[in-house]
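*Asks:* So that you have it, the file is structure20.csv, and it contains CSV, C-alpha atoms:
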```
chain,number,residue,atom,x,y,z
I,345,MET,CA,-8.0,-53.8,-38.0
I,346,LYS,CA,-9.5,-50.6,-39.3
I,347,ASN,CA,-11.4,-50.1,-36.0
I,348,VAL,CA,-8.2,-50.4,-33.9
I,349,PHE,CA,-6.4,-47.9,-36.2
I,350,PHE,CA,-9.4,-45.5,-36.0
I,351,LEU,CA,-9.5,-45.7,-32.2
I,352,LYS,CA,-5.7,-45.1,-31.9
I,353,ARG,CA,-6.1,-42.0,-34.1
I,354,VAL,CA,-9.1,-40.6,-32.2
I,355,PHE,CA,-7.2,-41.2,-28.9
I,356,SER,CA,-4.1,-39.4,-30.3
I,357,LEU,CA,-6.2,-36.4,-31.4
I,358,LEU,CA,-7.9,-36.2,-28.0
I,359,LEU,CA,-4.6,-36.4,-26.2
I,360,LEU,CA,-3.2,-33.5,-28.4
I,361,LEU,CA,-6.3,-31.5,-27.7
I,362,VAL,CA,-5.9,-31.9,-23.9
I,363,LEU,CA,-2.2,-31.0,-24.2
I,364,ALA,CA,-3.0,-27.9,-26.3
I,365,LEU,CA,-5.5,-26.8,-23.7
I,366,ALA,CA,-3.1,-27.4,-20.8
I,367,VAL,CA,-0.4,-25.3,-22.5
I,368,ASN,CA,-2.7,-22.3,-22.4
I,369,ALA,CA,-3.3,-22.8,-18.6
I,370,GLN,CA,-1.3,-20.4,-16.6
I,371,VAL,CA,-2.6,-20.9,-13.0
I,372,LEU,CA,-3.8,-23.6,-10.7
I,373,ILE,CA,-6.9,-22.5,-8.8
I,374,VAL,CA,-8.1,-24.2,-5.6
I,375,GLU,CA,-11.6,-23.1,-4.4
I,376,GLN,CA,-12.5,-23.6,-0.7
I,377,LYS,CA,-16.0,-23.6,0.7
I,378,GLN,CA,-16.6,-20.7,3.1
I,379,GLU,CA,-18.3,-21.8,6.3
I,380,GLY,CA,-22.0,-20.7,6.6
I,381,SER,CA,-21.9,-19.4,3.0
I,382,GLN,CA,-22.5,-20.5,-0.6
I,383,GLU,CA,-19.4,-18.5,-1.7
I,384,THR,CA,-15.9,-20.0,-2.2
I,385,LYS,CA,-12.5,-18.6,-1.5
I,386,LYS,CA,-10.1,-18.9,-4.5
I,387,VAL,CA,-6.4,-19.4,-4.0
I,388,SER,CA,-4.3,-19.4,-7.2
I,389,TYR,CA,-0.8,-20.7,-7.9
I,390,ASP,CA,1.3,-19.7,-10.9
I,391,LEU,CA,2.2,-22.7,-13.0
I,392,GLY,CA,5.7,-21.2,-13.4
I,393,ASP,CA,6.2,-22.0,-9.7
I,394,ASN,CA,5.7,-25.7,-10.5
I,395,PRO,CA,2.8,-26.6,-8.2
I,396,VAL,CA,2.5,-30.2,-7.3
I,397,LEU,CA,-0.7,-31.6,-5.9
I,398,THR,CA,-0.6,-34.5,-3.4
I,399,TYR,CA,-2.8,-35.9,-0.7
I,400,SER,CA,-1.8,-36.3,2.9
I,401,GLY,CA,-4.4,-38.0,5.1
I,402,THR,CA,-7.6,-35.9,4.7
I,403,ASN,CA,-5.8,-32.9,3.1
I,404,LEU,CA,-5.0,-31.7,-0.4
I,405,VAL,CA,-1.4,-30.5,-0.4
I,406,VAL,CA,-0.1,-27.9,-2.9
I,407,LYS,CA,3.7,-27.5,-3.0
I,408,THR,CA,5.4,-24.9,-5.2
I,409,ASN,CA,9.0,-23.6,-5.6
I,410,ILE,CA,8.0,-20.9,-3.2
I,411,ALA,CA,5.8,-22.4,-0.5
I,412,SER,CA,3.3,-25.1,0.3
I,413,ALA,CA,-0.3,-25.1,1.6
I,414,GLU,CA,-2.8,-27.7,2.9
I,415,PHE,CA,-6.5,-27.7,2.3
I,416,PRO,CA,-8.9,-29.9,4.2
I,417,LEU,CA,-10.6,-32.1,1.6
I,418,GLY,CA,-14.0,-31.5,3.2
I,419,LYS,CA,-13.6,-27.8,2.4
I,420,VAL,CA,-12.2,-28.1,-1.1
I,421,ALA,CA,-15.0,-27.2,-3.6
I,422,LYS,CA,-12.8,-27.9,-6.6
I,423,TYR,CA,-9.4,-27.3,-8.2
I,424,TYR,CA,-8.7,-26.6,-11.8
I,425,PHE,CA,-6.3,-25.0,-14.3
I,426,ALA,CA,-7.1,-21.7,-15.9
I,427,GLU,CA,-5.7,-18.8,-17.8
I,428,SER,CA,-4.7,-15.6,-16.0
I,429,ASP,CA,-4.6,-12.1,-17.3
I,430,PRO,CA,-1.0,-11.2,-18.1
I,431,THR,CA,-1.8,-7.5,-17.6
I,432,GLY,CA,-2.2,-8.0,-13.8
I,433,VAL,CA,-5.5,-6.1,-13.8
I,434,VAL,CA,-7.8,-7.6,-11.1
I,435,THR,CA,-11.5,-7.3,-10.9
I,436,THR,CA,-13.9,-8.1,-8.1
I,437,GLN,CA,-17.5,-9.3,-8.0
I,438,GLY,CA,-19.1,-5.9,-8.1
I,439,LYS,CA,-17.4,-2.7,-9.1
I,440,MET,CA,-14.4,-3.2,-11.2
I,441,GLY,CA,-11.1,-2.2,-9.6
I,442,TYR,CA,-7.4,-2.1,-10.5
I,443,LEU,CA,-4.4,-3.1,-8.5
I,444,PHE,CA,-0.9,-1.6,-9.2
I,445,VAL,CA,2.3,-2.8,-7.6
I,446,THR,CA,4.6,0.2,-7.0
I,447,GLU,CA,8.1,0.4,-5.4
I,448,GLU,CA,6.5,1.3,-2.1
I,449,GLY,CA,3.8,-1.3,-2.1
I,450,VAL,CA,0.4,-2.0,-3.6
I,451,ARG,CA,-2.1,0.6,-4.8
I,452,MET,CA,-5.8,-0.3,-5.3
I,453,VAL,CA,-8.2,2.0,-7.1
I,454,GLY,CA,-11.8,1.7,-8.4
I,455,PHE,CA,-13.1,-0.8,-5.9
I,456,GLU,CA,-16.3,-0.7,-3.9
I,457,PRO,CA,-16.1,1.5,-0.8
I,458,SER,CA,-15.3,0.0,2.6
I,459,ILE,CA,-14.4,-3.5,1.3
I,460,GLN,CA,-12.4,-5.5,3.8
I,461,VAL,CA,-8.9,-6.3,2.5
I,462,LYS,CA,-6.7,-8.8,4.3
I,463,PHE,CA,-3.0,-9.1,4.0
I,464,TYR,CA,-1.2,-12.4,4.6
I,465,THR,CA,2.2,-14.0,4.1
I,466,ILE,CA,2.5,-16.7,1.5
I,467,SER,CA,2.4,-19.3,4.3
I,468,GLY,CA,-1.1,-18.0,5.4
I,469,GLN,CA,0.0,-15.9,8.4
I,470,PHE,CA,-2.3,-13.0,8.9
I,471,ILE,CA,-0.5,-9.6,8.9
I,472,GLN,CA,-3.1,-6.9,8.8
I,473,GLU,CA,-6.6,-6.0,7.8
I,474,TYR,CA,-7.5,-2.8,5.8
I,475,LYS,CA,-10.6,-1.3,4.3
I,476,THR,CA,-10.9,0.6,1.0
I,477,SER,CA,-11.7,4.3,1.3
I,478,GLU,CA,-15.1,5.9,0.5
I,479,GLU,CA,-13.6,6.4,-3.0
I,480,GLY,CA,-12.8,2.7,-3.2
I,481,SER,CA,-9.0,3.1,-3.0
I,482,LEU,CA,-6.3,1.7,-0.7
I,483,GLU,CA,-2.5,1.8,-0.4
I,484,ILE,CA,-0.6,-1.0,1.4
I,485,ASN,CA,3.0,0.0,2.2
I,486,LEU,CA,5.4,-2.9,1.9
I,487,ASN,CA,8.5,-1.0,3.0
I,488,GLY,CA,8.5,-2.6,6.5
I,489,HIS,CA,8.2,-6.1,5.2
I,490,PRO,CA,11.0,-8.4,3.9
I,491,GLN,CA,11.3,-9.6,0.3
I,492,GLY,CA,8.9,-12.4,-0.5
I,493,VAL,CA,5.5,-13.4,-1.7
I,494,TYR,CA,2.3,-11.9,0.0
I,495,LEU,CA,-1.4,-12.6,-0.5
I,496,ILE,CA,-4.0,-9.9,-0.6
I,497,GLN,CA,-7.6,-11.1,-0.1
I,498,LEU,CA,-10.7,-9.1,-0.9
I,499,ASN,CA,-14.2,-10.6,-1.2
I,500,THR,CA,-13.7,-14.0,-2.8
I,501,THR,CA,-10.5,-13.0,-4.7
I,502,THR,CA,-6.9,-13.7,-3.5
I,503,ILE,CA,-4.1,-11.8,-5.2
I,504,LYS,CA,-0.4,-12.8,-5.1
I,505,VAL,CA,2.1,-10.0,-4.8
I,506,ILE,CA,5.9,-10.4,-4.9
I,507,LYS,CA,8.1,-7.9,-3.1
I,508,LYS,CA,11.6,-8.0,-4.6
```
Let me see the structure of the file written as structure tokens.
*Replies:*
Amino acid sequence: MKNVFFLKRVFSLLLLLVLALAVNAQVLIVEQKQEGSQETKKVSYDLGDNPVLTYSGTNLVVKTNIASAEFPLGKVAKYYFAESDPTGVVTTQGKMGYLFVTEEGVRMVGFEPSIQVKFYTISGQFIQEYKTSEEGSLEINLNGHPQGVYLIQLNTTTIKVIKK
């Protein structure tokens, strides 16, 4: 009888620990394998957008309040929950950089020179490709684009930007 009570208590404590860790998680991250490379591409989803993971055939499907995406299971390296930085400061692998959302668009400073930066809609439609300047800065004007969520990809980092 004591063993059953002890096991129930241990199980309850483990469940509380898992829930406490999950409360701190702020984003869902899906890592995709890059073809011909050891690197992975990370796509993150804010938990406030209520992401739901399901499987459809051979795809991992992520649906949120805003959009949905499918990832071929053969290319998914892993998916997990993590904390995000509430300041919005973004760093890359290499020289640290900062990203600022302004009324006109997005301003990036302090990155490596000549990094390719790709701009997408939330549904994954490619819009335009940019390169950071020799000083490592870039400005992306969003005035010609409708309100919505956009993705900015540089190196192995993907950043979500919301235009209101």
*Asks:* When you draw a straight line from CA of Val461 (chain I) to CA of Val396 (chain I), how long is it in Å?
*Replies:*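 Separating CA of Val461 (chain I) from CA of Val396 (chain I) is a distance of 28.2 Å.
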*Asks:* Provide an axis-aligned box for all listed atoms of region 405-411 of chain I, padding each side by 8 Å; report its centre and its edge lengths in Å to one decimal, as AutoDock Vina command-line options.
*Replies:*
```
--center_x 3.8 --center_y -25.7 --center_z -3.0 --size_x 26.4 --size_y 25.6 --size_z 21.2
```
*Asks:* If we count only C-alpha atoms, what is near Lys385 (chain I) at a cut-off of 6 Å, once residues fewer than 2 positions away on the same chain are taken out, given as a PyMOL selection string?
*Replies:* chain I and resi 375-376+500
*Asks:* Would you pick out the contacts of Leu486 (chain I) at 8 Å or less, using all atoms listed in the file, so that residues sharing its chain but fewer than 4 positions from it are not included, and give the list as a ChimeraX atom specification?
*Replies:* /I:448-450,507
*Asks:* Nearest to Gln378 (chain I): which of I:Leu397, I:Leu391, I:Ala413, I:Ala421 is it, counting all atoms listed in the file?
*Replies:*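 Selected residue with least distance to Gln378 (chain I): I:Ala421.
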*Asks:* With only C-alpha atoms as the atoms that count, which of I:Ala426, I:Ile484, I:Val387, I:Ile466 lies nearest to Val374 (chain I)?
*Replies:*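 Using only C-alpha atoms, Val374 (chain I) sits closest to I:Val387.
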*Asks:* Ranking I:Ile506, I:Val420, I:Leu498, I:Val371 by minimum distance to Lys462 (chain I) and counting only C-alpha atoms, which one comes first?
*Replies:*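 So, comparing all the options, the nearest one is I:Leu498.
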*Asks:* Env of Gly401 (chain I): 12 Å cut, atoms = only C-alpha atoms, seq-sep filter 5 positions within chain, self excluded. Answer as a list in words.
*Replies:* Glu414, Phe415, Pro416, Leu417 and Gly418 of chain I
*Asks:* Can you list, as a list of chain:residue names, every protein, DNA or RNA residue that comes within 12 Å of Thr465 (chain I) when you count only C-alpha atoms, leaving out same-chain residues fewer than 2 positions away?
*Replies:*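 Counting only C-alpha atoms, the residues come to I:Ile410, I:Ala411, I:Ser412, I:Ala413, I:Lys462, I:Phe463, I:Ser467, I:Gly468, I:Gln469, I:Phe470, I:Ile471, I:Gln472, I:Leu486, I:His489, I:Pro490, I:Gln491, I:Gly492, I:Val493, I:Tyr494, I:Leu495, I:Ile496, I:Gln497, I:Thr502, I:Ile503, I:Lys504, I:Val505, I:Ile506, I:Lys507.
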*Asks:* Please compute the CA of Ser481 (chain I)-CA of Ile373 (chain I) distance, one decimal, in Å.
*Replies:* 26.3 Å
*Asks:* CA of Lys475 (chain I) and CA of Glu456 (chain I), how far apart in Å?
*Replies:* 10.0 Å
*Asks:* Between I:Glu427, I:Glu379, I:Glu447, I:Asp393, which residue has the minimum interatomic distance to Lys508 (chain I), considering only C-alpha atoms?
*Replies:* I:Glu447
